[in-house]
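Below is one structure; the comments refer to it alone.
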Amino acid sequence: LPPLLLGELGQRLHALVQRSAQGLSGIAVMRLFRLRRLFKLLKHGALDEIREALIEILKSLLHFSVLLCLLLFIYSLLGMEWFGGRLNFAETGTPRANFDTFWWSFVTVFQLLTLERWHDVMFTAMKADGWAACFYFLSFIIIGNYIVLNLFLAVVIQAFSDKKQHHDAHDKPPAAGKPGAASIESAKANKPGSVDAASAAGAGVGDERFDELSITDAPLSDDAVVEQTETAASNAMPVRDTSYCGRAEHSFFIFSPSFVVRRLMVRLLEVAWFDNSILVVIGLSCLSLAVEVSVETTADIWVKLDIAFNVIFISEIVLKWFAYGVVLGKAGDLGPGRQYKDYDGTKKNEPAPNRKPFFRSFWNVLDFVIVVLAVSSMVAAQLGSADTTLRTVRVLRLFRVLRPLRALRRSESMKLVVASLIQTMPAVGQVCLLILFVWGMFAILGVHLFSGKFWYCTDSSISSVDACVGIFTRPGSPTPEPRVWQNHDSNFDNVIVAMLTLFEVSSLQMWNIIMYRAVDAVGVGQQPVRDHNPAAALYFIVFIVLGAFLVLNLFVSFLVKQYNKLREGDRALFVSHAQQQWLVSHRLLLRAKPERMPVGPPQASKLRMFLWTFVRNPKFDPFIMYIVMMNILLQMTAHYQAVPLYAETVRIINFMFTGIYTAELLMKLVALLPIQFWVVIWNRFATLATVNSVIAIFAPQLLGLRAIALCLRFIKLLKTMPRTRILAKTLLLCLPSVINVGGLLLLFLFTYGVLGTSLFGHIPHGSHLNRHANFDTVDKSMLTLFRMMTGEDWNGIMHDVMDACQSQEALANPGRYNCGSTSAQANYIIAPLFFLSFVIVQASILLNLLVTVVLQNYTEVLLNDESVITADDVNVFIRTWGGFDQKATGMISVHKFEDLLNALPPPLGLKDKPMSTIAKRKFLLGLGIAVFDEQIHFSDVLRSLSRHVYDIAEKDAAEQSLLPDWFRNFPKRPVKPPPYTTTHYYAARIIAHRIRREIALKKSIY
C-alpha cells in the first residue's frame, strides 16, 4: 500500500482509539488487562486438542486475513469515492450506514459482508445514484460473502485436515513390511461393531458399568455407531452378576424362553406391520396433540383420545416386558428371526436379532419415560382443581411434546443420525468450551465498556436521567405521555445479559442496531448522542471476526472431522492403498444396475430402420438441445404489456418448436415402439415437454409448466459437462443423508412447535411477533421456527415474547391473553432458554450437519472420479452388458462372457488391449465368477472385474466384509452355493481343447 495511505489510516485509527478511551478512567483501563488471566483456561487438559487446532488455524489464516482486510479496504475507499456525502436526503437525513468518512465506510462495508440489511443500504444508494449503484453491492456480496467467507471455512477445514494428517504421521507405528492377512484379521477383530468385537464384549455383559457411556475416538461404521450407542446406554444401569436362582432368562422370573406364548409375543413384536402400526398410532397422537394445543379446548374427545393412545402405548410396553424381560438377566434364546423365501421357494429364517431386556435398550428407556410422563399428566388432571395441582398438571402436560421422539426408534436412518450426534458430543463440547471462553472474554470487556450506558429517555430532547421526568408530546402525536428512563432489551449491564447479547450478535441478526446503540452511548445516566463514540464499532467487528466467523466455523470443522471419523469406520479393515481405493469404488459399484437397452427394428421394416438410424445419429440429440435452448431464450423475452405483433410472432415460433418436438416424439415412437421408447428415461422427459407444449397451445395460462418441462431436458447435457456432473452426483448422493437429517429436523421442529404453542400461544403481539410470525397455533409456530432456522429476526421475536405479558395491552385485558400471574416474570427466563436451545440445536448443530454431509459426499464424488474405476467406466460396463442382456434380467450366458470382455474397454475389459493367449487364459481362470445354470450375474461380473483391477484377493477379509452389501443391493441374485465358477468352466474348456487336439494329433499319426 502507498505510504501516504498507511499514514492516513494510522492517524485515523489513533484518533478513534483516543476518543474511545475518553469514557474510561485510568483504573478501568488497567482493569481490562486482567482479562489475560482467562487465557490460562486454555492450558486445561480438556482443551489440548482444540488449542492445538486453533493455533494451526490462526497460522493458516494469516494470509487470508490480509486478503480480507485488503478487500474491505478497497471497497471502503471505492464506496467513499462513489457514495461519500451523497446519501443525505432532506426528508430522512443521513442514514446510519453511510460512506461519508473512511471509518463509517469501513463499518458499512463490513455490515455488507455479514449480509445484515445489505439490501437497505443498496436501495438507499440506488435512490441517490441510480440503478448503476447495484453493481457495487452485488459484486461485493458475490466476492466477499459467497467467495471469501466460504474460502474462510475451507481454510479452517483444511487446517484441521493437515493437523489430523500430521498427528496420524507421528502416531502411526513404523511398519515392518507390507501389511498382510494377519494385520487385516487383527484390524477386523479390533473393529468396533464387528462380530468378533461384539462377541468379546458380550462375554462380560454382567460386568458392564456406566463408564461404557464414554465415547472413544475409534472410527466406527454406520451400524457400529448405532450398536455402540444402544449398548452403552442399555448397560448404563449397574447389574450384579448373579444366576437369579437359575431364572436369569425367564421374563418376570416365571416364563421361560421356550414358553409358547412368549415366543408368539416375540414373533408379533418383530413383524414389520407391528412397528408400522405403532408408528401410525404415534403419528395420530402427535396430530391430536397439535390440534388440542392449537384450539385450547378441554372437550372430552381429547381426554378420551389421550386415554386411548396411552392404553396402546402401555400395552406395547407390557408386551415387550413379557417377551424380552424387564431389566435383569438376559433375553435368552427366543427363536429365530423373521421368515423369508429362498431362491428355490423354501422358507428360511433370518439370524436372530440382538434381543435384550426392555430397560437395557436406550430407545426403550426413552419410550418408557415419555409414556410415564404422559400417564402422569393424565392422572394429575383428574385429581382436582387446586392451584398447586393445576400448576403440576400444566408442567407435566408440557412433557407431552416429547411424544414425537418415539418415532426415532422406528427409523434406523434417524437412529443413525442421533447416534452420530451422540458420538460427536465430546468434540462438540470442546468447541463449546472455546466458544464460552471467547464470548466470556468479550462479555466481561463489554460490561466494562458499556455497562449502564444503554439506558435512554423516551423523550430524545432530554440529556440525563435527572431531567427525564414529567410528560411530553411526541412529534406528530397529539397525546401527551410520561417520560420514562428505560433500558434496551440487549445490553451489557451484567455478564449474563452480555452473553445473551453477544449470542445475538454472533447470529448476525440486527447486530448493527446493537452496535449503533454502543456507538451512541455517552455514559451512565446520560442520554445517548448519535455517533458519540465511533470506535465502539471496533468492539463488535472484532467480536464478529473472532466469535462468529472463526469460532463458529471451527464448530463446523469439528463436525466435519467427527463425521469423517465415523464414516471412516468402514475402512478399518482396509489397510493397504489398493484396499482403500477398492472401498471408494465399492460404494460407486453398488449403485450400478443393469438397464434395458432398445433393440433395433428388423431389416424388413425399411421405414423403422430408417427412423432408427436417423434418431440414433450422434448429431440428432445436439440438434434437439439447440432447439430447446432457443425455445427457452424465446420464453425469457416474455414481458408485461407486450405489443400484439410481438405476441403473435412468439405464438407462431412456438408452433414451429412444438412441431419439431412432436416430430421427434413420433419418429422415436415408430422406430422404438412404445414399450422400448418408454424404457429410456430421457424419452420420458421429452414426452412430458412435448405434451406440455401441445397443451400450452390450447391453454396459454399453462405456458410456465411448458418452460419447466423444457428445462428438465437440459439434464441430459450433464453427460457432456464433467464438473457440472460432479455437482449433480453430489446432489444425488446427498439425498438419502439429507432426508435422514431433514426428518430429524422436522421432528425437532414439530416438538418445538408444540412446546412454543403451549408456552407462548395467544399472547399479545409486538413489532416482530405479529400475525405472520407467532405461536398461536402449531402450524404457525412451525413456520415461525422455520423462519428462525434461517436466522431471520429470531432475536426480535424472542424479545417480543419476553415483553409480551408486560405490555399495556396485556395489562388492560388480563383475561384475553395467555398471561397468568407469573407469566410475565417466567417469560424472561423461559423465552431465552427456549429460543437459545432451538437456535443451538437446529441452526448450529443439525443445519451444520447438513453442510457436513454435503462436504463429505462431494469429497467422495471427487475420489470416485480420481480412482482407477470411475463412474464413466461403470456406465460403459452397463451399456456393454445391455448389449448382451437387453431385457435387464441381470443374467447372461457364461458362453457370452468372453465376448463381453472383448467388447468392454479397459480397465474392466479387454477391448483393444494387447494380451497373449496365455495371459488371457490366466486372466479368465483367475476371475472365479459364480455360474448358476450356465448363467452369470451382473453383480458377480462387475465385482470380480473391479476386484481384479485393484488386485484384491477373493478370500481377503476386507473383500468378505463387503459381501453383505452386494447381496443386499442385488436381492434377485441367487443365494444358493454355485455348482461351479468360471474358473472351472474355462479350465474344462482348456482341458477339452487339449484332449481334442491330442485326439486329432493321434488320428493324423495313425
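Residue numbering restarts at 1 in every chain; chains get A, B, ... in the order shown in the C-alpha cells, and ligands count up from 1 in that same order.
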
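Residues with any atom within 12 Å of Glu934 in chain A, counting only C-alpha atoms and excluding same-chain neighbours fewer than 6 positions away, are Met891, Ile892, Ser893, Val894, His895, Lys896, Phe897, Pro978, Pro979, Tyr980, Thr981, Thr982, His984 and Tyr985 of chain A.
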
Just write the chosen residues, N, CA and C atoms, as an mmCIF file, in the first residue's frame.
data_model
loop_
_atom_site.group_PDB
_atom_site.id
_atom_site.type_symbol
_atom_site.label_atom_id
_atom_site.label_comp_id
_atom_site.auth_asym_id
_atom_site.auth_seq_id
_atom_site.Cartn_x
_atom_site.Cartn_y
_atom_site.Cartn_z
ATOM 1 N N MET A 891 -28.784 -61.428 -15.841
ATOM 2 C CA MET A 891 -28.097 -62.681 -16.089
ATOM 3 C C MET A 891 -27.794 -62.805 -17.584
ATOM 4 N N ILE A 892 -26.600 -63.314 -17.914
ATOM 5 C CA ILE A 892 -26.247 -63.664 -19.289
ATOM 6 C C ILE A 892 -25.619 -65.043 -19.287
ATOM 7 N N SER A 893 -25.565 -65.648 -20.450
ATOM 8 C CA SER A 893 -24.970 -66.982 -20.557
ATOM 9 C C SER A 893 -23.463 -66.896 -20.339
ATOM 10 N N VAL A 894 -22.926 -67.900 -19.692
ATOM 11 C CA VAL A 894 -21.492 -67.938 -19.451
ATOM 12 C C VAL A 894 -20.719 -68.062 -20.757
ATOM 13 N N HIS A 895 -21.381 -68.585 -21.804
ATOM 14 C CA HIS A 895 -20.714 -68.719 -23.093
ATOM 15 C C HIS A 895 -20.466 -67.353 -23.744
ATOM 16 N N LYS A 896 -21.227 -66.306 -23.313
ATOM 17 C CA LYS A 896 -21.059 -64.967 -23.889
ATOM 18 C C LYS A 896 -20.085 -64.108 -23.079
ATOM 19 N N PHE A 897 -19.559 -64.676 -22.011
ATOM 20 C CA PHE A 897 -18.730 -63.859 -21.125
ATOM 21 C C PHE A 897 -17.467 -63.371 -21.830
ATOM 22 N N PRO A 978 -23.018 -71.804 -5.729
ATOM 23 C CA PRO A 978 -22.937 -72.139 -7.156
ATOM 24 C C PRO A 978 -22.309 -73.505 -7.349
ATOM 25 N N PRO A 979 -22.818 -74.281 -8.331
ATOM 26 C CA PRO A 979 -22.213 -75.611 -8.591
ATOM 27 C C PRO A 979 -20.786 -75.497 -9.090
ATOM 28 N N TYR A 980 -20.481 -74.447 -9.833
ATOM 29 C CA TYR A 980 -19.113 -74.234 -10.300
ATOM 30 C C TYR A 980 -18.958 -72.764 -10.667
ATOM 31 N N THR A 981 -17.730 -72.357 -10.972
ATOM 32 C CA THR A 981 -17.423 -70.979 -11.312
ATOM 33 C C THR A 981 -16.832 -70.918 -12.714
ATOM 34 N N THR A 982 -16.576 -69.691 -13.158
ATOM 35 C CA THR A 982 -15.956 -69.526 -14.477
ATOM 36 C C THR A 982 -14.558 -70.129 -14.512
ATOM 37 N N HIS A 984 -13.754 -73.040 -13.208
ATOM 38 C CA HIS A 984 -13.988 -74.422 -13.611
ATOM 39 C C HIS A 984 -14.401 -74.496 -15.078
ATOM 40 N N TYR A 985 -15.231 -73.528 -15.484
ATOM 41 C CA TYR A 985 -15.729 -73.549 -16.857
ATOM 42 C C TYR A 985 -14.584 -73.422 -17.861
#

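The protein and nucleic acid residues lying at most 12 Å from range 638-651 of chain A are Met630, Asn631, Ile632, Leu633, Leu634, Gln635, Met636, Ile653, Asn654, Phe655, Met656, Phe657, Thr658, Ser693, Ala696, Ile697, Phe698, Pro700, Leu703, Gly704 and Ala707 of chain A, with only C-alpha atoms considered and sequence neighbours fewer than 2 positions away removed.
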
Checklist entry - So which residues touch Leu279 in chain A within 12 Å, counting only C-alpha atoms, skipping near sequence neighbours fewer than 4 positions away, as a ChimeraX atom specification? => result /A:272-275,283-286,309,312-313,316,403-411

Take the residues from that selection and write them out as an mmCIF file, in the first residue's frame, keeping N, CA, C and O atoms.
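Below you can see again.cif, which holds the result:
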data_model
loop_
_atom_site.group_PDB
_atom_site.id
_atom_site.type_symbol
_atom_site.label_atom_id
_atom_site.label_comp_id
_atom_site.auth_asym_id
_atom_site.auth_seq_id
_atom_site.Cartn_x
_atom_site.Cartn_y
_atom_site.Cartn_z
ATOM 1 N N ALA A 272 -42.924 -56.659 10.688
ATOM 2 C CA ALA A 272 -42.817 -55.260 10.227
ATOM 3 C C ALA A 272 -44.096 -54.479 10.465
ATOM 4 O O ALA A 272 -44.050 -53.300 10.825
ATOM 5 N N TRP A 273 -45.260 -55.135 10.293
ATOM 6 C CA TRP A 273 -46.508 -54.377 10.393
ATOM 7 C C TRP A 273 -46.783 -53.914 11.811
ATOM 8 O O TRP A 273 -47.517 -52.928 12.020
ATOM 9 N N PHE A 274 -46.214 -54.589 12.817
ATOM 10 C CA PHE A 274 -46.437 -54.139 14.195
ATOM 11 C C PHE A 274 -45.768 -52.786 14.433
ATOM 12 O O PHE A 274 -46.385 -51.860 14.975
ATOM 13 N N ASP A 275 -44.496 -52.676 14.033
ATOM 14 C CA ASP A 275 -43.810 -51.395 14.176
ATOM 15 C C ASP A 275 -44.501 -50.310 13.361
ATOM 16 O O ASP A 275 -44.625 -49.162 13.806
ATOM 17 N N GLY A 283 -48.130 -41.146 15.092
ATOM 18 C CA GLY A 283 -48.475 -40.019 14.238
ATOM 19 C C GLY A 283 -49.834 -39.451 14.567
ATOM 20 O O GLY A 283 -50.013 -38.217 14.625
ATOM 21 N N LEU A 284 -50.824 -40.318 14.811
ATOM 22 C CA LEU A 284 -52.163 -39.836 15.171
ATOM 23 C C LEU A 284 -52.146 -39.120 16.518
ATOM 24 O O LEU A 284 -52.832 -38.098 16.697
ATOM 25 N N SER A 285 -51.376 -39.632 17.465
ATOM 26 C CA SER A 285 -51.303 -38.974 18.780
ATOM 27 C C SER A 285 -50.645 -37.602 18.668
ATOM 28 O O SER A 285 -51.070 -36.647 19.337
ATOM 29 N N CYS A 286 -49.613 -37.496 17.817
ATOM 30 C CA CYS A 286 -48.981 -36.186 17.606
ATOM 31 C C CYS A 286 -49.939 -35.214 16.936
ATOM 32 O O CYS A 286 -49.978 -34.015 17.267
ATOM 33 N N PHE A 309 -54.690 -43.527 23.409
ATOM 34 C CA PHE A 309 -53.293 -43.612 22.971
ATOM 35 C C PHE A 309 -52.405 -44.149 24.088
ATOM 36 O O PHE A 309 -51.521 -44.994 23.848
ATOM 37 N N ILE A 312 -52.715 -47.900 24.439
ATOM 38 C CA ILE A 312 -51.980 -48.615 23.391
ATOM 39 C C ILE A 312 -50.494 -48.638 23.699
ATOM 40 O O ILE A 312 -49.832 -49.682 23.588
ATOM 41 N N PHE A 313 -49.954 -47.490 24.120
ATOM 42 C CA PHE A 313 -48.519 -47.428 24.397
ATOM 43 C C PHE A 313 -48.156 -48.270 25.617
ATOM 44 O O PHE A 313 -47.101 -48.937 25.630
ATOM 45 N N GLU A 316 -48.080 -51.885 24.595
ATOM 46 C CA GLU A 316 -46.851 -52.214 23.873
ATOM 47 C C GLU A 316 -45.705 -52.465 24.847
ATOM 48 O O GLU A 316 -44.936 -53.432 24.695
ATOM 49 N N ARG A 403 -43.568 -36.604 22.853
ATOM 50 C CA ARG A 403 -44.189 -37.763 22.228
ATOM 51 C C ARG A 403 -43.671 -38.042 20.817
ATOM 52 O O ARG A 403 -43.483 -39.208 20.450
ATOM 53 N N PRO A 404 -43.430 -37.020 19.968
ATOM 54 C CA PRO A 404 -42.900 -37.326 18.619
ATOM 55 C C PRO A 404 -41.551 -38.029 18.622
ATOM 56 O O PRO A 404 -41.207 -38.699 17.653
ATOM 57 N N LEU A 405 -40.787 -37.891 19.712
ATOM 58 C CA LEU A 405 -39.467 -38.522 19.747
ATOM 59 C C LEU A 405 -39.553 -40.044 19.751
ATOM 60 O O LEU A 405 -38.565 -40.722 19.474
ATOM 61 N N ARG A 406 -40.745 -40.585 20.032
ATOM 62 C CA ARG A 406 -40.897 -42.040 19.999
ATOM 63 C C ARG A 406 -40.750 -42.573 18.588
ATOM 64 O O ARG A 406 -40.474 -43.756 18.387
ATOM 65 N N ALA A 407 -40.941 -41.696 17.590
ATOM 66 C CA ALA A 407 -40.801 -42.142 16.197
ATOM 67 C C ALA A 407 -39.349 -42.407 15.837
ATOM 68 O O ALA A 407 -39.078 -43.038 14.806
ATOM 69 N N LEU A 408 -38.410 -41.945 16.654
ATOM 70 C CA LEU A 408 -37.000 -42.119 16.326
ATOM 71 C C LEU A 408 -36.607 -43.589 16.253
ATOM 72 O O LEU A 408 -35.890 -44.015 15.350
ATOM 73 N N ARG A 409 -37.069 -44.386 17.201
ATOM 74 C CA ARG A 409 -36.631 -45.775 17.263
ATOM 75 C C ARG A 409 -37.209 -46.588 16.116
ATOM 76 O O ARG A 409 -36.719 -47.680 15.822
ATOM 77 N N ARG A 410 -38.249 -46.085 15.445
ATOM 78 C CA ARG A 410 -38.835 -46.814 14.325
ATOM 79 C C ARG A 410 -38.099 -46.578 13.021
ATOM 80 O O ARG A 410 -38.389 -47.210 12.020
ATOM 81 N N SER A 411 -37.163 -45.663 12.990
ATOM 82 C CA SER A 411 -36.420 -45.360 11.768
ATOM 83 C C SER A 411 -34.936 -45.594 12.029
ATOM 84 O O SER A 411 -34.327 -44.890 12.841
#

Item to check | 8 Å contact set for range 108-118 of chain A, only C-alpha atoms, chain neighbours under 4 positions out, as an NGL selection string | outcome: :A and (72 or 75-76 or 97-99 or 104 or 122 or 137 or 140-141 or 144-145 or 508-512 or 541)

Checklist entry - From the set A:Leu908, A:Val266, A:Trp321, A:Phe135, which residue has the shortest atom-to-atom contact distance to Phe253 in chain A, counting only C-alpha atoms? => result A:Trp321
